[in-house]
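Following: one structure in structure tokens, then a few remarks.
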Amino acid sequence: MDQFLMQIFAVIHQIPRGKVTTYGEIAKLAGYPGYARHVGKALGNLPAESTLPWHRVINSQGKISLKGEDLVRQRTLLIEEEVEVSIAGKVKLNKYKWQP
């Protein structure tokens, strides 16, 4: 695994249950500011059996970026952690954003 992936996965592993953060914040904390899209791409390539809490990463508008069944899956996982998520996939960042 390359250094970029190791760094972003290390940051994502730290997001506590019941909190979310953004793709851009992950990139910044991992030492790669401006690489938000790359974080999203890396998460999109995770194997199904991954234990990484990928579902705690949302976009900078506080919304789930996924569509269809994937949006429902991420929304369900967040709700199970007591994160309030609208039907459209919106999360209140001011309430649920992880502050490392």
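Ligands are numbered from 1 in the order shown, chains are lettered A, B, ... in the order of the structure tokens, and residues start at 1 in each chain.
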Per-residue DSSP, range 20-88 of chain A, filtered to helix (DSSP H, G or I), as a PyMOL selection string: chain A and resi 23-29+36-44+54-56+68-80
Which of chain A DSSP labels strand (DSSP E), written as a list in words: Thr21, Thr22, Val57 and Ile58 of chain A
Top pick for closest residue to Val83 in chain A, considering A:Lys97, A:Arg37, A:Thr22, A:Leu5 and counting only C-alpha atoms: A:Lys97
For Leu29 in chain A, the nearest of the candidates A:Val91, A:Val85, A:Ile12, A:Val72, counting only C-alpha atoms: A:Ile12
Contacts of Glu82 in chain A at 12 Å (only C-alpha atoms; same-chain gap of 4+ positions) as a VMD selection string: chain A and resid 16 to 20 56 75 to 78 91 95 to 96
Contacts of Asp70 in chain A within 12 Å, only C-alpha atoms, excl. fewer than 4 positions in-chain, as a list in words: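 Contacts, with the query itself left out: Gly44, Trp54, His55, Ile64, Ser65, Leu66, Gln74, Arg75, Thr76, Leu77 and Gly89 of chain A.
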Which of A:Ser50, A:Asn94, A:Ser60, A:Gln7 sits closest to Ala36 in chain A [using only C-alpha atoms]: A:Ser60
Could you list, as a compact mmCIF listing (two decimals) with all heavy atoms, in the first residue's frame, every residue within 12 Å of Val11 in chain A, counting only C-alpha atoms and ignoring same-chain residues fewer than 5 positions away?
# COMPACT_ATOMS: atom_id res chain seq x y z
N PHE A 4 0.28 7.49 0.59
CA PHE A 4 -0.95 8.27 0.60
C PHE A 4 -2.09 7.47 1.24
O PHE A 4 -2.78 7.94 2.16
CB PHE A 4 -1.33 8.69 -0.82
CG PHE A 4 -2.68 9.37 -0.92
CD1 PHE A 4 -2.85 10.67 -0.48
CD2 PHE A 4 -3.77 8.70 -1.44
CE1 PHE A 4 -4.10 11.29 -0.55
CE2 PHE A 4 -5.02 9.30 -1.52
CZ PHE A 4 -5.17 10.60 -1.08
N LEU A 5 -2.31 6.25 0.77
CA LEU A 5 -3.39 5.42 1.31
C LEU A 5 -3.18 5.12 2.78
O LEU A 5 -4.12 5.17 3.57
CB LEU A 5 -3.51 4.11 0.51
CG LEU A 5 -4.02 4.25 -0.92
CD1 LEU A 5 -4.04 2.89 -1.61
CD2 LEU A 5 -5.38 4.90 -0.97
N MET A 6 -1.95 4.81 3.17
CA MET A 6 -1.67 4.53 4.57
C MET A 6 -2.02 5.72 5.44
O MET A 6 -2.62 5.57 6.51
CB MET A 6 -0.20 4.13 4.75
CG MET A 6 0.07 2.75 4.22
SD MET A 6 1.77 2.12 4.31
CE MET A 6 2.63 3.18 5.39
N PRO A 16 -14.22 8.91 15.54
CA PRO A 16 -15.00 8.16 16.54
C PRO A 16 -16.42 7.85 16.07
O PRO A 16 -16.99 8.55 15.23
CB PRO A 16 -15.02 9.07 17.76
CG PRO A 16 -14.62 10.41 17.29
CD PRO A 16 -13.96 10.28 15.96
N VAL A 20 -18.62 12.44 12.09
CA VAL A 20 -18.29 12.42 10.66
C VAL A 20 -17.22 13.47 10.39
O VAL A 20 -16.99 14.36 11.21
CB VAL A 20 -19.52 12.71 9.76
CG1 VAL A 20 -20.60 11.66 9.93
CG2 VAL A 20 -20.08 14.11 10.02
N THR A 21 -16.59 13.36 9.25
CA THR A 21 -15.73 14.43 8.76
C THR A 21 -15.77 14.41 7.25
O THR A 21 -16.43 13.56 6.65
CB THR A 21 -14.30 14.32 9.35
OG1 THR A 21 -13.63 15.57 9.12
CG2 THR A 21 -13.51 13.18 8.73
N THR A 22 -15.09 15.36 6.63
CA THR A 22 -15.19 15.51 5.18
C THR A 22 -13.97 14.93 4.46
O THR A 22 -12.91 14.74 5.05
CB THR A 22 -15.31 16.99 4.81
OG1 THR A 22 -14.10 17.66 5.17
CG2 THR A 22 -16.50 17.65 5.50
N TYR A 23 -14.15 14.67 3.18
CA TYR A 23 -13.05 14.18 2.35
C TYR A 23 -11.87 15.15 2.41
O TYR A 23 -10.73 14.73 2.56
CB TYR A 23 -13.49 14.04 0.88
CG TYR A 23 -14.59 13.03 0.67
CD1 TYR A 23 -15.91 13.44 0.48
CD2 TYR A 23 -14.32 11.67 0.64
CE1 TYR A 23 -16.93 12.52 0.27
CE2 TYR A 23 -15.33 10.74 0.43
CZ TYR A 23 -16.63 11.17 0.25
OH TYR A 23 -17.63 10.26 0.05
N GLY A 24 -12.18 16.43 2.34
CA GLY A 24 -11.13 17.45 2.38
C GLY A 24 -10.39 17.49 3.70
O GLY A 24 -9.17 17.68 3.74
N GLU A 25 -11.11 17.32 4.78
CA GLU A 25 -10.49 17.33 6.11
C GLU A 25 -9.58 16.11 6.27
O GLU A 25 -8.50 16.22 6.84
CB GLU A 25 -11.58 17.35 7.19
CG GLU A 25 -11.06 17.58 8.58
CD GLU A 25 -10.46 18.96 8.84
OE1 GLU A 25 -10.73 19.91 8.06
OE2 GLU A 25 -9.71 19.09 9.81
N ILE A 26 -10.02 14.97 5.77
CA ILE A 26 -9.17 13.76 5.81
C ILE A 26 -7.88 14.02 5.06
O ILE A 26 -6.78 13.73 5.55
CB ILE A 26 -9.91 12.55 5.19
CG1 ILE A 26 -11.12 12.18 6.01
CG2 ILE A 26 -8.96 11.36 5.00
CD1 ILE A 26 -10.85 11.63 7.38
N ALA A 27 -7.99 14.58 3.85
CA ALA A 27 -6.80 14.86 3.05
C ALA A 27 -5.85 15.81 3.79
O ALA A 27 -4.64 15.58 3.84
CB ALA A 27 -7.21 15.45 1.70
N LYS A 28 -6.41 16.85 4.38
CA LYS A 28 -5.60 17.83 5.11
C LYS A 28 -4.90 17.19 6.31
O LYS A 28 -3.70 17.37 6.51
CB LYS A 28 -6.50 18.98 5.55
CG LYS A 28 -5.77 20.16 6.16
CD LYS A 28 -6.74 21.32 6.36
CE LYS A 28 -6.83 21.63 7.82
NZ LYS A 28 -7.84 22.62 8.15
N LEU A 29 -5.64 16.44 7.11
CA LEU A 29 -5.07 15.81 8.29
C LEU A 29 -4.00 14.76 7.95
O LEU A 29 -3.09 14.53 8.72
CB LEU A 29 -6.17 15.15 9.14
CG LEU A 29 -7.13 16.11 9.85
CD1 LEU A 29 -8.32 15.36 10.42
CD2 LEU A 29 -6.40 16.90 10.93
N ALA A 30 -4.15 14.16 6.76
CA ALA A 30 -3.18 13.15 6.32
C ALA A 30 -1.93 13.78 5.71
O ALA A 30 -0.98 13.09 5.38
CB ALA A 30 -3.83 12.20 5.32
N GLY A 31 -1.97 15.11 5.54
CA GLY A 31 -0.82 15.80 4.97
C GLY A 31 -0.90 16.01 3.48
O GLY A 31 0.10 16.31 2.82
N TYR A 32 -2.10 15.88 2.92
CA TYR A 32 -2.31 16.04 1.48
C TYR A 32 -3.44 17.03 1.20
O TYR A 32 -4.45 16.67 0.60
CB TYR A 32 -2.65 14.69 0.83
CG TYR A 32 -1.54 13.68 0.92
CD1 TYR A 32 -1.46 12.79 1.99
CD2 TYR A 32 -0.56 13.61 -0.06
CE1 TYR A 32 -0.43 11.86 2.08
CE2 TYR A 32 0.47 12.68 0.01
CZ TYR A 32 0.52 11.81 1.09
OH TYR A 32 1.53 10.89 1.17
N VAL A 39 -9.21 11.08 -1.88
CA VAL A 39 -9.72 10.36 -0.71
C VAL A 39 -10.99 9.61 -1.10
O VAL A 39 -11.15 8.43 -0.80
CB VAL A 39 -9.97 11.32 0.47
CG1 VAL A 39 -10.69 10.59 1.62
CG2 VAL A 39 -8.67 11.94 0.95
N LEU A 52 -12.59 -0.43 7.78
CA LEU A 52 -12.39 1.01 7.85
C LEU A 52 -13.76 1.70 7.95
O LEU A 52 -14.67 1.38 7.19
CB LEU A 52 -11.66 1.49 6.58
CG LEU A 52 -11.15 2.92 6.59
CD1 LEU A 52 -9.93 3.05 7.50
CD2 LEU A 52 -10.78 3.34 5.18
N PRO A 53 -13.93 2.65 8.87
CA PRO A 53 -15.24 3.32 9.01
C PRO A 53 -15.48 4.37 7.91
O PRO A 53 -15.67 5.56 8.18
CB PRO A 53 -15.17 3.93 10.41
CG PRO A 53 -13.72 4.21 10.63
CD PRO A 53 -12.99 3.10 9.91
N TRP A 54 -15.47 3.92 6.67
CA TRP A 54 -15.62 4.77 5.48
C TRP A 54 -16.91 5.58 5.53
O TRP A 54 -16.98 6.69 5.00
CB TRP A 54 -15.61 3.91 4.22
CG TRP A 54 -16.75 2.92 4.20
CD1 TRP A 54 -16.72 1.65 4.69
CD2 TRP A 54 -18.08 3.15 3.73
NE1 TRP A 54 -17.96 1.06 4.55
CE2 TRP A 54 -18.81 1.96 3.96
CE3 TRP A 54 -18.73 4.23 3.12
CZ2 TRP A 54 -20.15 1.84 3.61
CZ3 TRP A 54 -20.06 4.10 2.78
CH2 TRP A 54 -20.76 2.91 3.02
N ARG A 56 -18.19 7.24 7.74
CA ARG A 56 -18.10 8.48 8.53
C ARG A 56 -17.51 9.64 7.74
O ARG A 56 -17.28 10.71 8.29
CB ARG A 56 -17.27 8.21 9.79
CG ARG A 56 -17.91 7.18 10.71
CD ARG A 56 -17.08 6.88 11.92
NE ARG A 56 -17.68 5.77 12.65
CZ ARG A 56 -16.99 4.94 13.42
NH1 ARG A 56 -15.69 5.10 13.58
NH2 ARG A 56 -17.60 3.95 14.04
N VAL A 57 -17.28 9.44 6.45
CA VAL A 57 -16.69 10.48 5.60
C VAL A 57 -17.75 10.96 4.62
O VAL A 57 -18.33 10.17 3.87
CB VAL A 57 -15.44 9.96 4.85
CG1 VAL A 57 -14.78 11.09 4.08
CG2 VAL A 57 -14.45 9.31 5.82
N TRP A 98 -16.31 15.70 13.51
CA TRP A 98 -15.22 15.30 14.37
C TRP A 98 -14.19 16.42 14.44
O TRP A 98 -13.78 16.97 13.41
CB TRP A 98 -14.58 14.04 13.80
CG TRP A 98 -13.33 13.56 14.46
CD1 TRP A 98 -13.11 13.40 15.79
CD2 TRP A 98 -12.13 13.17 13.80
NE1 TRP A 98 -11.84 12.90 16.00
CE2 TRP A 98 -11.21 12.76 14.79
CE3 TRP A 98 -11.74 13.09 12.48
CZ2 TRP A 98 -9.95 12.29 14.49
CZ3 TRP A 98 -10.48 12.62 12.16
CH2 TRP A 98 -9.59 12.24 13.18
N PRO A 100 -10.58 16.71 15.63
CA PRO A 100 -9.40 16.01 16.17
C PRO A 100 -8.51 16.92 17.01
O PRO A 100 -8.53 18.11 16.90
CB PRO A 100 -8.67 15.52 14.93
CG PRO A 100 -9.16 16.36 13.81
CD PRO A 100 -10.51 16.88 14.19
